[in-house]
>>> print(open('model_28.cif').read())   # mmCIF, C-alpha atoms
data_protein
#
loop_
_atom_site.label_atom_id
_atom_site.label_comp_id
_atom_site.auth_asym_id
_atom_site.auth_seq_id
_atom_site.Cartn_x
_atom_site.Cartn_y
_atom_site.Cartn_z
CA MET B 13 -18.93 -0.18 4.05
CA PRO B 14 -16.27 -2.24 5.84
CA ARG B 15 -14.31 -0.67 8.68
CA ARG B 16 -11.07 -1.62 6.98
CA TRP B 17 -11.95 0.78 4.16
CA ARG B 18 -9.46 3.59 3.82
CA ALA B 19 -9.43 6.86 1.97
CA VAL B 20 -6.30 8.57 0.69
CA ILE B 21 -7.16 12.08 -0.40
CA ARG B 22 -5.72 15.23 -1.91
CA TRP B 23 -7.96 18.28 -1.90
CA SER B 24 -8.07 21.99 -2.67
CA SER B 25 -11.10 24.04 -1.53
CA PRO B 26 -11.56 24.14 2.27
CA HIS B 27 -15.36 23.88 1.90
CA GLU B 28 -15.14 20.96 -0.52
CA GLY B 29 -12.54 19.30 1.67
CA ARG B 30 -14.79 19.45 4.73
CA ARG B 31 -17.72 18.16 2.70
CA LEU B 32 -15.63 15.26 1.51
CA LEU B 33 -14.67 14.40 5.09
CA GLU B 34 -18.37 14.39 5.93
CA GLN B 35 -19.02 11.98 3.04
CA ILE B 36 -16.31 9.70 4.37
CA ARG B 37 -17.75 9.85 7.88
CA GLU B 38 -21.19 8.89 6.56
CA VAL B 39 -19.86 5.46 5.57
CA GLY B 40 -17.98 4.60 8.77
CA HIS B 41 -14.73 5.36 10.58
CA PRO B 42 -12.06 4.76 7.94
CA LEU B 43 -8.46 5.80 8.18
CA VAL B 44 -7.94 9.06 6.25
CA VAL B 45 -4.46 9.61 4.82
CA LEU B 46 -3.65 13.17 3.76
CA THR B 47 -1.01 13.08 1.06
CA GLY B 48 0.26 15.24 -1.78
CA GLY B 49 2.65 16.58 -3.18
CA ASP B 50 3.31 17.87 0.27
CA PRO B 51 0.16 18.30 2.41
CA ILE B 52 2.08 20.57 4.77
CA LYS B 53 1.89 23.27 2.10
CA ARG B 54 -1.87 23.54 2.73
CA PRO B 55 -2.19 26.68 4.88
CA ASP B 56 -5.30 25.24 6.58
CA ILE B 57 -3.95 21.73 7.13
CA CYS B 58 -4.37 21.85 10.92
CA ASP B 59 -7.96 23.10 10.59
CA PHE B 60 -8.64 20.28 8.14
CA ILE B 61 -7.24 17.67 10.52
CA ALA B 62 -9.14 19.17 13.45
CA TYR B 63 -12.42 19.00 11.53
CA GLY B 64 -11.86 15.37 10.60
CA ASP B 65 -11.03 14.52 14.21
CA GLN B 66 -14.09 16.44 15.41
CA ILE B 67 -16.48 14.37 13.28
CA GLY B 68 -14.91 11.06 14.31
CA LEU B 69 -12.36 10.26 11.61
CA ARG B 70 -8.85 8.93 12.22
CA MET B 71 -6.61 11.50 10.57
CA THR B 72 -3.07 10.68 9.41
CA ILE B 73 -0.60 12.49 7.18
CA THR B 74 2.33 11.68 4.88
CA PRO B 75 4.51 14.83 4.75
CA LEU B 76 7.60 15.08 2.60
CA GLY B 77 11.05 15.18 4.14
CA THR B 78 11.70 18.92 3.84
CA PRO B 79 12.67 21.80 6.17
CA LEU B 80 8.95 22.69 6.40
CA MET B 81 8.39 19.90 8.95
CA THR B 82 9.70 21.69 12.01
CA PRO B 83 9.03 20.58 15.60
CA ALA B 84 6.57 23.47 15.94
CA VAL B 85 4.59 22.22 12.93
CA ILE B 86 4.51 18.67 14.30
CA ASP B 87 3.30 20.03 17.63
CA ARG B 88 0.42 21.83 15.88
CA LEU B 89 -0.53 18.75 13.88
CA LYS B 90 -0.68 16.62 17.02
CA ALA B 91 -2.70 19.26 18.88
CA ALA B 92 -5.17 19.38 15.96
CA GLY B 93 -5.94 15.69 16.40
CA LEU B 94 -3.47 13.89 14.13
CA VAL B 95 -3.18 10.23 15.16
CA ARG B 96 -0.23 9.17 13.03
CA MET B 97 2.52 10.61 10.84
CA ALA B 98 3.91 8.44 8.02
CA VAL B 99 7.29 9.32 6.55
CA SER B 100 9.06 7.83 3.53
CA LEU B 101 12.52 6.31 4.01
CA ASP B 102 13.96 4.45 1.04
CA GLY B 103 17.47 3.82 2.27
CA SER B 104 19.33 3.22 5.50
CA THR B 105 21.72 6.09 4.76
CA ALA B 106 21.44 9.59 3.42
CA ALA B 107 23.39 8.60 0.32
CA ILE B 108 20.91 5.87 -0.69
CA HIS B 109 17.71 7.66 0.31
CA ASP B 110 18.64 11.08 -1.08
CA ALA B 111 19.75 9.52 -4.39
CA PHE B 112 16.36 7.81 -4.74
CA ARG B 113 14.40 10.93 -3.75
CA GLN B 114 16.77 13.19 -5.68
CA VAL B 115 16.67 15.74 -2.84
CA HIS B 116 19.82 16.36 -0.80
CA GLY B 117 19.03 16.48 2.91
CA SER B 118 15.76 14.54 2.65
CA PHE B 119 17.05 11.63 4.78
CA ASP B 120 18.10 13.81 7.69
CA TRP B 121 14.87 15.84 7.63
CA SER B 122 12.81 12.64 7.57
CA VAL B 123 14.68 10.94 10.41
CA ASN B 124 14.58 14.10 12.53
CA MET B 125 10.80 14.45 12.18
CA LEU B 126 10.31 10.79 13.11
CA ARG B 127 12.48 11.10 16.20
CA TYR B 128 10.72 14.27 17.31
CA ALA B 129 7.25 12.79 16.77
CA ARG B 130 8.24 9.80 18.90
CA ARG B 131 9.52 12.15 21.61
CA ILE B 132 6.13 13.89 21.90
CA GLY B 133 4.14 10.66 21.78
CA LEU B 134 2.80 10.88 18.22
CA SER B 135 2.42 7.50 16.51
CA THR B 136 4.82 7.08 13.59
CA GLN B 137 5.00 4.99 10.44
CA VAL B 138 7.71 4.55 7.83
CA ASN B 139 6.90 3.88 4.18
CA THR B 140 9.68 2.22 2.18
CA THR B 141 9.55 1.49 -1.53
CA VAL B 142 11.63 -1.57 -2.44
CA THR B 143 13.41 -1.31 -5.79
CA ARG B 144 16.62 -2.56 -7.35
CA CYS B 145 18.23 0.58 -5.91
CA ASN B 146 17.78 -0.50 -2.29
CA PHE B 147 17.22 -4.27 -2.51
CA ASP B 148 20.71 -4.98 -1.12
CA ASP B 149 20.14 -2.40 1.64
CA PHE B 150 17.06 -4.11 3.07
CA ASP B 151 18.80 -5.73 6.07
CA ARG B 152 20.21 -2.37 7.14
CA LEU B 153 16.79 -0.80 6.66
CA CYS B 154 15.36 -3.40 9.06
CA ALA B 155 17.90 -2.36 11.69
CA LEU B 156 17.09 1.31 11.16
CA MET B 157 13.36 0.70 11.70
CA VAL B 158 14.09 -0.86 15.10
CA ASP B 159 16.31 2.08 16.05
CA LEU B 160 13.65 4.65 15.08
CA GLY B 161 11.04 3.18 17.43
CA ILE B 162 8.20 3.35 14.90
CA ASP B 163 4.76 1.75 15.27
CA LEU B 164 4.36 0.46 11.71
CA TRP B 165 6.65 -0.26 8.78
CA SER B 166 4.77 -0.25 5.49
CA VAL B 167 6.91 -1.91 2.83
CA PHE B 168 5.88 -0.81 -0.67
CA PHE B 169 6.87 -2.65 -3.84
CA LEU B 170 7.39 -0.53 -6.95
CA VAL B 171 4.63 -0.44 -9.57
CA VAL B 172 5.22 0.59 -13.18
CA THR B 173 3.13 3.75 -13.19
CA GLY B 174 3.97 7.43 -13.20
CA ARG B 175 7.77 7.64 -13.07
CA GLY B 176 8.12 4.00 -12.00
CA ARG B 177 10.28 2.17 -14.55
CA PRO B 178 10.23 -1.56 -15.32
CA GLU B 179 13.99 -1.78 -14.94
CA ASP B 180 13.71 -0.59 -11.32
CA GLU B 181 11.35 -3.38 -10.24
CA ILE B 182 12.68 -6.41 -8.40
CA ASP B 183 11.67 -9.79 -9.84
CA ALA B 184 9.32 -12.43 -8.40
CA ALA B 185 12.09 -14.39 -6.67
CA GLN B 186 13.39 -11.20 -5.04
CA HIS B 187 9.87 -10.42 -3.82
CA GLU B 188 9.94 -13.75 -1.97
CA LEU B 189 13.33 -12.96 -0.43
CA VAL B 190 12.03 -9.63 0.88
CA PHE B 191 8.88 -11.35 2.17
CA ALA B 192 11.06 -13.78 4.11
CA LYS B 193 13.01 -10.95 5.73
CA MET B 194 9.82 -9.10 6.60
CA TYR B 195 8.33 -12.21 8.17
CA GLU B 196 11.39 -13.01 10.26
CA LEU B 197 11.60 -9.41 11.43
CA SER B 198 7.90 -9.45 12.34
CA LYS B 199 8.58 -12.16 14.93
CA ARG B 200 10.90 -9.99 16.99
CA ALA B 201 10.30 -6.37 15.98
CA PRO B 202 8.58 -4.04 18.47
CA PHE B 203 6.46 -2.66 15.63
CA ASP B 204 4.02 -4.01 13.05
CA ILE B 205 5.00 -4.74 9.45
CA LYS B 206 2.74 -4.79 6.43
CA SER B 207 3.18 -4.90 2.67
CA THR B 208 1.70 -2.32 0.32
CA VAL B 209 1.04 -3.12 -3.34
CA ALA B 210 2.21 -6.67 -2.57
CA PRO B 211 -0.76 -8.70 -1.31
CA PRO B 212 1.13 -11.99 -1.97
CA TYR B 213 2.93 -11.28 1.32
CA ARG B 214 -0.26 -12.47 3.03
CA ARG B 215 -0.02 -15.75 1.16
CA PHE B 216 3.64 -16.05 2.16
CA VAL B 217 2.87 -15.49 5.85
CA LEU B 218 0.09 -18.09 5.87
CA GLN B 219 2.42 -20.60 4.20
CA GLN B 220 5.08 -20.00 6.85
CA GLN B 221 2.55 -20.38 9.66
CA VAL B 222 1.37 -23.73 8.26
CA ALA B 223 4.96 -24.97 7.75
CA GLU B 224 5.96 -23.98 11.29
CA ARG B 225 2.97 -25.74 12.80
CA ARG B 226 3.69 -28.92 10.82
CA ALA B 227 7.36 -28.82 11.83
CA ASN B 228 6.20 -28.64 15.45
CA GLY B 229 4.11 -31.79 15.11
CA GLY B 230 0.85 -29.92 14.73
CA HIS B 231 1.35 -28.00 17.96
CA GLY B 232 1.50 -24.28 18.48
CA PRO B 233 -0.76 -21.47 17.25
CA ARG B 234 -3.05 -22.30 14.38
CA PRO B 235 -2.59 -20.34 11.14
CA ARG B 236 -4.81 -17.31 11.36
CA ALA B 237 -6.04 -14.45 9.27
CA ILE B 238 -3.30 -11.87 8.98
CA GLY B 239 -4.08 -8.68 10.83
CA PHE B 240 -2.36 -5.98 12.80
CA ALA B 241 -3.17 -4.44 16.16
CA LEU B 242 -1.55 -1.05 15.88
CA LYS B 243 -0.79 1.47 18.56
CA GLY B 244 -2.89 4.59 18.77
CA GLY B 245 -6.15 2.77 18.10
CA LEU B 246 -5.35 2.18 14.43
CA ALA B 247 -6.60 -1.38 14.05
CA ARG B 248 -6.02 -3.12 10.76
CA ALA B 249 -8.58 -5.62 9.51
CA PRO B 250 -7.76 -9.31 8.98
CA LYS B 251 -8.99 -9.52 5.40
CA SER B 252 -6.88 -8.37 2.50
CA VAL B 253 -7.03 -4.71 1.57
CA ASN B 254 -6.42 -4.30 -2.13
CA ASP B 255 -6.95 -1.79 -4.93
CA GLY B 256 -10.62 -0.81 -4.74
CA ASN B 257 -11.25 -3.37 -2.01
CA GLY B 258 -11.10 -1.54 1.29
CA PHE B 259 -9.15 1.34 -0.24
CA VAL B 260 -9.84 4.42 -2.36
CA PHE B 261 -7.66 7.26 -3.58
CA ILE B 262 -9.20 10.68 -4.24
CA SER B 263 -7.25 13.25 -6.25
CA HIS B 264 -7.23 17.01 -5.75
CA LEU B 265 -9.72 17.18 -8.64
CA GLY B 266 -12.14 14.80 -6.93
CA GLU B 267 -11.44 11.82 -9.18
CA VAL B 268 -11.83 8.50 -7.35
CA PHE B 269 -9.28 5.78 -8.11
CA PRO B 270 -8.92 2.24 -6.71
CA SER B 271 -5.48 3.29 -5.43
CA GLY B 272 -2.73 5.74 -6.19
CA PHE B 273 -1.09 3.07 -8.35
CA LEU B 274 -4.10 2.15 -10.49
CA PRO B 275 -4.86 5.25 -12.58
CA ILE B 276 -8.40 4.47 -13.73
CA SER B 277 -11.10 6.83 -12.48
CA ALA B 278 -14.41 5.38 -11.26
CA GLY B 279 -16.10 8.76 -10.95
CA ASN B 280 -15.83 12.16 -9.30
CA VAL B 281 -17.07 13.11 -5.83
CA ARG B 282 -18.13 16.49 -7.19
CA CYS B 283 -20.77 14.67 -9.23
CA THR B 284 -21.47 11.44 -7.33
CA PRO B 285 -21.34 10.63 -3.60
CA LEU B 286 -18.20 8.77 -2.61
CA SER B 287 -20.18 5.89 -1.09
CA ALA B 288 -22.04 5.36 -4.38
CA ILE B 289 -18.81 5.32 -6.38
CA TYR B 290 -17.17 2.84 -4.02
CA ARG B 291 -20.15 0.53 -3.69
CA ASP B 292 -21.72 0.69 -7.14
CA SER B 293 -19.21 1.65 -9.83
CA GLU B 294 -18.48 -1.13 -12.31
CA LEU B 295 -14.72 -0.71 -11.81
CA PHE B 296 -14.82 -1.19 -8.03
CA ARG B 297 -17.33 -4.02 -8.21
CA ARG B 298 -15.14 -5.92 -10.69
CA LEU B 299 -12.04 -5.38 -8.58
CA ARG B 300 -13.81 -6.88 -5.56
CA ASP B 301 -15.05 -9.91 -7.50
CA TYR B 302 -12.05 -12.23 -7.31
CA ALA B 303 -13.92 -14.84 -9.35
CA GLN B 304 -13.10 -12.67 -12.39
CA LEU B 305 -9.33 -12.90 -11.90
CA LYS B 306 -7.38 -14.46 -14.75
CA GLY B 307 -4.45 -16.86 -15.03
CA LYS B 308 -3.06 -18.47 -11.90
CA CYS B 309 -4.59 -15.80 -9.64
CA GLY B 310 -8.01 -16.99 -10.79
CA VAL B 311 -7.49 -20.54 -9.46
CA CYS B 312 -5.30 -19.74 -6.45
CA GLU B 313 -6.39 -21.10 -3.07
CA PHE B 314 -5.10 -17.89 -1.47
CA ARG B 315 -7.24 -15.72 -3.72
CA GLU B 316 -9.49 -14.35 -0.98
CA VAL B 317 -6.67 -13.37 1.39
CA CYS B 318 -4.39 -12.07 -1.36
CA GLY B 319 -6.04 -11.30 -4.68
CA GLY B 320 -2.75 -10.29 -6.30
CA SER B 321 -1.76 -6.71 -7.03
CA ARG B 322 -4.37 -5.31 -9.38
CA ALA B 323 -2.23 -2.19 -9.90
CA ARG B 324 0.82 -4.24 -10.90
CA ALA B 325 -1.22 -6.38 -13.30
CA TYR B 326 -2.52 -3.19 -14.93
CA GLY B 327 0.90 -1.53 -15.04
CA VAL B 328 2.63 -4.52 -16.62
CA MET B 329 -0.13 -5.98 -18.82
CA GLY B 330 -2.77 -3.28 -19.12
CA ASP B 331 -5.47 -5.45 -17.50
CA TYR B 332 -6.30 -5.06 -13.82
CA LEU B 333 -7.91 -8.52 -13.71
CA GLU B 334 -4.79 -10.29 -14.95
CA SER B 335 -2.65 -12.50 -12.74
CA ASP B 336 -0.05 -10.75 -10.58
CA PRO B 337 3.10 -10.88 -12.75
CA TYR B 338 5.50 -10.72 -9.79
CA CYS B 339 4.02 -13.43 -7.59
CA ALA B 340 6.30 -16.48 -7.61
CA TYR B 341 3.69 -18.89 -6.27
CA VAL B 342 2.14 -21.42 -8.66
CA PRO B 343 -1.15 -22.83 -7.27
CA PRO B 344 -1.50 -26.64 -7.49
CA ARG B 345 -4.65 -26.27 -9.60
CA TYR B 346 -2.77 -24.17 -12.13
CA ALA B 347 0.20 -26.57 -12.15
CA LYS B 348 -2.19 -29.40 -13.03
CA LEU B 349 -3.62 -27.37 -15.91
CA VAL B 350 -0.11 -26.81 -17.23
CA ALA B 351 0.76 -30.51 -16.85
CA ARG B 352 -2.34 -31.45 -18.86
CA GLY B 353 -1.47 -28.94 -21.56
CA GLU B 354 -4.56 -26.86 -20.76
CA ALA B 355 -2.62 -23.76 -19.69
CA GLU B 356 0.70 -22.09 -20.46
CA SER B 357 3.52 -22.14 -17.94
CA PRO B 358 3.63 -18.89 -15.94
CA PRO B 359 6.70 -17.51 -17.81
CA GLU B 360 5.06 -18.20 -21.19
CA TYR B 361 1.73 -16.82 -19.99
CA PHE B 362 3.16 -13.53 -18.73
CA GLN B 363 5.53 -13.05 -21.65
CA ARG B 364 2.74 -13.47 -24.18
CA ARG B 365 0.44 -11.05 -22.38
CA MET B 366 3.16 -8.47 -21.80
CA ASP B 367 4.15 -8.64 -25.48
CA ALA B 368 0.53 -8.19 -26.53
CA PHE B 369 0.16 -5.19 -24.20
CA LEU B 370 3.33 -3.54 -25.56
CA ASP B 371 2.19 -4.18 -29.15
CA ASP B 372 -1.15 -2.51 -28.39
CA GLU B 373 0.64 0.47 -26.87
CA ARG B 374 2.93 0.83 -29.88
CA ARG B 375 -0.03 0.69 -32.27
CA GLY B 376 -1.74 3.37 -30.20
CA GLN B 377 1.29 5.65 -30.57
CA ASP B 378 1.47 5.26 -34.35
#
>>> encode(input="model_28.cif", output="C-alpha cells")
Amino acid sequence: MPRRWRAVIRWSSPHEGRRLLEQIREVGHPLVVLTGGDPIKRPDICDFIAYGDQIGLRMTITPLGTPLMTPAVIDRLKAAGLVRMAVSLDGSTAAIHDAFRQVHGSFDWSVNMLRYARRIGLSTQVNTTVTRCNFDDFDRLCALMVDLGIDLWSVFFLVVTGRGRPEDEIDAAQHELVFAKMYELSKRAPFDIKSTVAPPYRRFVLQQQVAERRANGGHGPRPRAIGFALKGGLARAPKSVNDGNGFVFISHLGEVFPSGFLPISAGNVRCTPLSAIYRDSELFRRLRDYAQLKGKCGVCEFREVCGGSRARAYGVMGDYLESDPYCAYVPPRYAKLVARGEAESPPEYFQRRMDAFLDDERRGQD
C-alpha cells in the first residue's frame, strides 16, 4: 500500500479502535486523522493517540472549536504523541466563521487553540471550506493564515453531500480564481498549501509552472510533480491523492468509504481486513482506474495527476466516474471531439447528466 495512503477514522470501542490501528500499521505508516463529531469527547483519546504513536503511526486530530480544547488538553495530546492538530476556520472574522458554523464563539476558541499549539511547538493545520459565504473573504483568510504561523493550509471546496447545498457551491470559474490566489500565496507563504476535494488545483499548478518557464525563455525550474514537504515529518506524496486513491474514511460503525464526501461503503472492517477492502473492493479498484473516467476527465492529459473530484461528480450527477462538473479546463482532445460533433460541449454535457440524475431521484421519491 502506498505511503501516501491516509486513514480518517471515527471509532467507539477502545479494543476495536486499537485493533483498527494495528490493521492500519500492517499496511505501512499512513497519516491517521482522528475526527468526529468532536474526538475530544472520547474519554480515552490520549490513550488512543499514545497507542498509535507507540506502534509507529503518525497521529493527528481535528477537534472542534469549543471550550473543551483547553491548554491543558492540548498539552496532554502533545505528550501522548500527537504530531499535528488541524482546526477548521471558515472566515477571517468571528462574524463570518461563527455564522457558517452556527456556533457563537467558535472562531475565538479555534484561533486560541492554534496559537497555544504553536506556542508549545505542536504542528498546526487549518482547514477552510470555500463556499459562496466566504468567497469574497478569501484574501483576508490568506492574511490570517500567515499571522497564525501554521504549517499547512488545507483549502476544501464544498461538495453537495450531507448538509452541503448546491446553492452554496462556487462555480468552475470561481474555483480557478481561488486556485490562482492559492498558487500566488504558495510562492511566499511560510507554510504549505494544498487543496482538498479539488484535485484540479494540481492541474492548475502544473499549467502555471509551464507558463512561467516559457515566459522565462525555457529557463528556471522544470515543472515537477506537486508535493509538499511538511514540518513535523509529515511528508506528502507527489502523486494525486483522491477519493479511494491514497485515502480512506472509516466511520464509527466500521464502514469504509473512499472519503468523507463520497458516501458509498466498500465494506466493514468488522468483517473484512482494511487492507483487503482498500486493495480489492470493486469500488476502490474502479476509483483508482482513471481509464474508466467519463467525459472530458476521461481524455484529459492531466488525468493521472488530477483525476477530478470523484465525490463532486457523485454528489452532482450520481456517478463517481463522471467528469468533474466544477473543473473549468477543457482538454484539447475533448475540444477536438466537440469541434467534430462527436461530443457535447461541457455545459451541454453536464446539464444533460445533471437533469437525468435529478429525474432519477424524483422518480425514486415517487
>>> closest_residue(input="model_28.cif", among="B:Arg215, B:Gly256, B:Arg375, B:Ala347", to="B:Tyr332", atoms="only C-alpha atoms")
B:Gly256
>>> residues_around(input="model_28.cif", residues="B:Arg297", least_positions_apart="3", cutoff="12 Å", atoms="only C-alpha atoms", output="ChimeraX atom specification")
/B:255-258,270,278,288-294,300-304,333
>>> closest_residue(input="model_28.cif", among="B:Leu76, B:Ala192, B:Arg200, B:Val95", to="B:Gln219", atoms="only C-alpha atoms")
B:Ala192
>>> atom_distance(input="model_28.cif", atom1="atom CA of B:Val268", atom2="atom CA of B:Thr136")
26.8 Å
>>> resolve_selection(input="model_28.cif", expression="the PyMOL selection byres ((chain B and resi 335) around 6)", output="count of residues only")
6
>>> residues_around(input="model_28.cif", residues="B:Leu69", least_positions_apart="3", cutoff="8 Å", atoms="all atoms listed in the file", output="list in words")
Arg37, His41, Pro42, Leu43, Val44, Gly64, Asp65 and Gln66 of chain B
>>> resolve_selection(input="model_28.cif", expression="the PyMOL selection byres ((chain B and resi 101) around 8)", output="PDB file with C-alpha atoms, in the coordinates of the input")
ATOM      1  CA  VAL B  99       7.290   9.320   6.550  1.00  0.00           C
ATOM      2  CA  SER B 100       9.060   7.830   3.530  1.00  0.00           C
ATOM      3  CA  ASP B 102      13.960   4.450   1.040  1.00  0.00           C
ATOM      4  CA  GLY B 103      17.470   3.820   2.270  1.00  0.00           C
ATOM      5  CA  SER B 104      19.330   3.220   5.500  1.00  0.00           C
ATOM      6  CA  HIS B 109      17.710   7.660   0.310  1.00  0.00           C
ATOM      7  CA  PHE B 119      17.050  11.630   4.780  1.00  0.00           C
ATOM      8  CA  SER B 122      12.810  12.640   7.570  1.00  0.00           C
ATOM      9  CA  VAL B 138       7.710   4.550   7.830  1.00  0.00           C
ATOM     10  CA  ASN B 139       6.900   3.880   4.180  1.00  0.00           C
ATOM     11  CA  THR B 140       9.680   2.220   2.180  1.00  0.00           C
ATOM     12  CA  THR B 141       9.550   1.490  -1.530  1.00  0.00           C
TER      13      THR B 141
END
>>> resolve_selection(input="model_28.cif", expression="the PyMOL selection byres ((chain B and resi 163) around 8)", output="JSON, numbers by chain")
{"B": [135, 136, 137, 161, 162, 164, 165, 202, 203, 204, 242, 243]}
>>> write_last_selection(input="model_28.cif", atoms="C-alpha atoms", output="PDB file, in the coordinates of the input")
ATOM      1  CA  SER B 135       2.420   7.500  16.510  1.00  0.00           C
ATOM      2  CA  THR B 136       4.820   7.080  13.590  1.00  0.00           C
ATOM      3  CA  GLN B 137       5.000   4.990  10.440  1.00  0.00           C
ATOM      4  CA  GLY B 161      11.040   3.180  17.430  1.00  0.00           C
ATOM      5  CA  ILE B 162       8.200   3.350  14.900  1.00  0.00           C
ATOM      6  CA  LEU B 164       4.360   0.460  11.710  1.00  0.00           C
ATOM      7  CA  TRP B 165       6.650  -0.260   8.780  1.00  0.00           C
ATOM      8  CA  PRO B 202       8.580  -4.040  18.470  1.00  0.00           C
ATOM      9  CA  PHE B 203       6.460  -2.660  15.630  1.00  0.00           C
ATOM     10  CA  ASP B 204       4.020  -4.010  13.050  1.00  0.00           C
ATOM     11  CA  LEU B 242      -1.550  -1.050  15.880  1.00  0.00           C
ATOM     12  CA  LYS B 243      -0.790   1.470  18.560  1.00  0.00           C
TER      13      LYS B 243
END
>>> atom_distance(input="model_28.cif", atom1="atom CA of B:Phe169", atom2="atom CA of B:Glu224")
26.2 Å
>>> residues_around(input="model_28.cif", residues="B:Val171", least_positions_apart="5", cutoff="9 Å", atoms="all atoms listed in the file", output="MDAnalysis selection string")
chainID B and resid 176:178 181 209 273 323:324 327:328
>>> atom_distance(input="model_28.cif", atom1="atom CA of B:Lys308", atom2="atom CA of B:Ala227")
27.9 Å
>>> closest_residue(input="model_28.cif", among="B:Pro55, B:Thr143, B:Leu286, B:Val317", to="B:Val217", atoms="all atoms listed in the file")
B:Val317
>>> closest_residue(input="model_28.cif", among="B:Asp372, B:Met329, B:Ser118, B:Val342", to="B:Pro358", atoms="all atoms listed in the file")
B:Val342
>>> closest_residue(input="model_28.cif", among="B:His116, B:Thr47, B:Leu33, B:Ala351", to="B:Ser263", atoms="all atoms listed in the file")
B:Thr47
>>> closest_residue(input="model_28.cif", among="B:Val85, B:Leu126, B:Ala92, B:Asp50", to="B:Ala62", atoms="only C-alpha atoms")
B:Ala92
>>> residues_around(input="model_28.cif", residues="B:Leu89", least_positions_apart="6", cutoff="12 Å", atoms="only C-alpha atoms", output="PDB file with C-alpha atoms, keeping the file's coordinate frame")
ATOM      1  CA  LEU B  46      -3.650  13.170   3.760  1.00  0.00           C
ATOM      2  CA  PRO B  51       0.160  18.300   2.410  1.00  0.00           C
ATOM      3  CA  ILE B  52       2.080  20.570   4.770  1.00  0.00           C
ATOM      4  CA  ASP B  56      -5.300  25.240   6.580  1.00  0.00           C
ATOM      5  CA  ILE B  57      -3.950  21.730   7.130  1.00  0.00           C
ATOM      6  CA  CYS B  58      -4.370  21.850  10.920  1.00  0.00           C
ATOM      7  CA  ASP B  59      -7.960  23.100  10.590  1.00  0.00           C
ATOM      8  CA  PHE B  60      -8.640  20.280   8.140  1.00  0.00           C
ATOM      9  CA  ILE B  61      -7.240  17.670  10.520  1.00  0.00           C
ATOM     10  CA  ALA B  62      -9.140  19.170  13.450  1.00  0.00           C
ATOM     11  CA  ASP B  65     -11.030  14.520  14.210  1.00  0.00           C
ATOM     12  CA  MET B  71      -6.610  11.500  10.570  1.00  0.00           C
ATOM     13  CA  THR B  72      -3.070  10.680   9.410  1.00  0.00           C
ATOM     14  CA  ILE B  73      -0.600  12.490   7.180  1.00  0.00           C
ATOM     15  CA  THR B  74       2.330  11.680   4.880  1.00  0.00           C
ATOM     16  CA  PRO B  75       4.510  14.830   4.750  1.00  0.00           C
ATOM     17  CA  MET B  81       8.390  19.900   8.950  1.00  0.00           C
ATOM     18  CA  THR B  82       9.700  21.690  12.010  1.00  0.00           C
ATOM     19  CA  PRO B  83       9.030  20.580  15.600  1.00  0.00           C
ATOM     20  CA  VAL B  95      -3.180  10.230  15.160  1.00  0.00           C
ATOM     21  CA  ARG B  96      -0.230   9.170  13.030  1.00  0.00           C
ATOM     22  CA  MET B  97       2.520  10.610  10.840  1.00  0.00           C
ATOM     23  CA  ALA B 129       7.250  12.790  16.770  1.00  0.00           C
ATOM     24  CA  ILE B 132       6.130  13.890  21.900  1.00  0.00           C
ATOM     25  CA  LEU B 134       2.800  10.880  18.220  1.00  0.00           C
ATOM     26  CA  SER B 135       2.420   7.500  16.510  1.00  0.00           C
TER      27      SER B 135
END
>>> decode(input="model_28.cif", residues="stretch 108-119 of chain B", atoms="N, CA and C atoms", output="mmCIF file, in the first residue's frame")
data_model
loop_
_atom_site.group_PDB
_atom_site.id
_atom_site.type_symbol
_atom_site.label_atom_id
_atom_site.label_comp_id
_atom_site.auth_asym_id
_atom_site.auth_seq_id
_atom_site.Cartn_x
_atom_site.Cartn_y
_atom_site.Cartn_z
ATOM 1 N N ILE B 108 -18.011 35.998 10.328
ATOM 2 C CA ILE B 108 -18.142 35.119 9.153
ATOM 3 C C ILE B 108 -18.045 33.655 9.556
ATOM 4 N N HIS B 109 -17.030 33.329 10.355
ATOM 5 C CA HIS B 109 -16.827 31.931 10.744
ATOM 6 C C HIS B 109 -17.979 31.404 11.594
ATOM 7 N N ASP B 110 -18.360 32.166 12.612
ATOM 8 C CA ASP B 110 -19.411 31.698 13.522
ATOM 9 C C ASP B 110 -20.750 31.564 12.808
ATOM 10 N N ALA B 111 -21.008 32.427 11.806
ATOM 11 C CA ALA B 111 -22.254 32.311 11.047
ATOM 12 C C ALA B 111 -22.262 31.022 10.242
ATOM 13 N N PHE B 112 -21.111 30.654 9.671
ATOM 14 C CA PHE B 112 -21.022 29.421 8.895
ATOM 15 C C PHE B 112 -21.155 28.208 9.797
ATOM 16 N N ARG B 113 -20.479 28.230 10.932
ATOM 17 C CA ARG B 113 -20.502 27.096 11.870
ATOM 18 C C ARG B 113 -21.752 27.084 12.736
ATOM 19 N N GLN B 114 -22.431 28.219 12.790
ATOM 20 C CA GLN B 114 -23.644 28.362 13.584
ATOM 21 C C GLN B 114 -23.395 28.105 15.072
ATOM 22 N N VAL B 115 -22.195 28.493 15.525
ATOM 23 C CA VAL B 115 -21.836 28.366 16.945
ATOM 24 C C VAL B 115 -21.126 29.651 17.360
ATOM 25 N N HIS B 116 -21.754 30.445 18.205
ATOM 26 C CA HIS B 116 -21.138 31.683 18.665
ATOM 27 C C HIS B 116 -19.922 31.367 19.532
ATOM 28 N N GLY B 117 -18.809 32.011 19.235
ATOM 29 C CA GLY B 117 -17.579 31.792 20.000
ATOM 30 C C GLY B 117 -16.620 30.809 19.347
ATOM 31 N N SER B 118 -17.076 30.116 18.311
ATOM 32 C CA SER B 118 -16.237 29.089 17.676
ATOM 33 C C SER B 118 -14.942 29.673 17.114
ATOM 34 N N PHE B 119 -15.007 30.853 16.510
ATOM 35 C CA PHE B 119 -13.809 31.466 15.922
ATOM 36 C C PHE B 119 -12.749 31.711 16.983
#
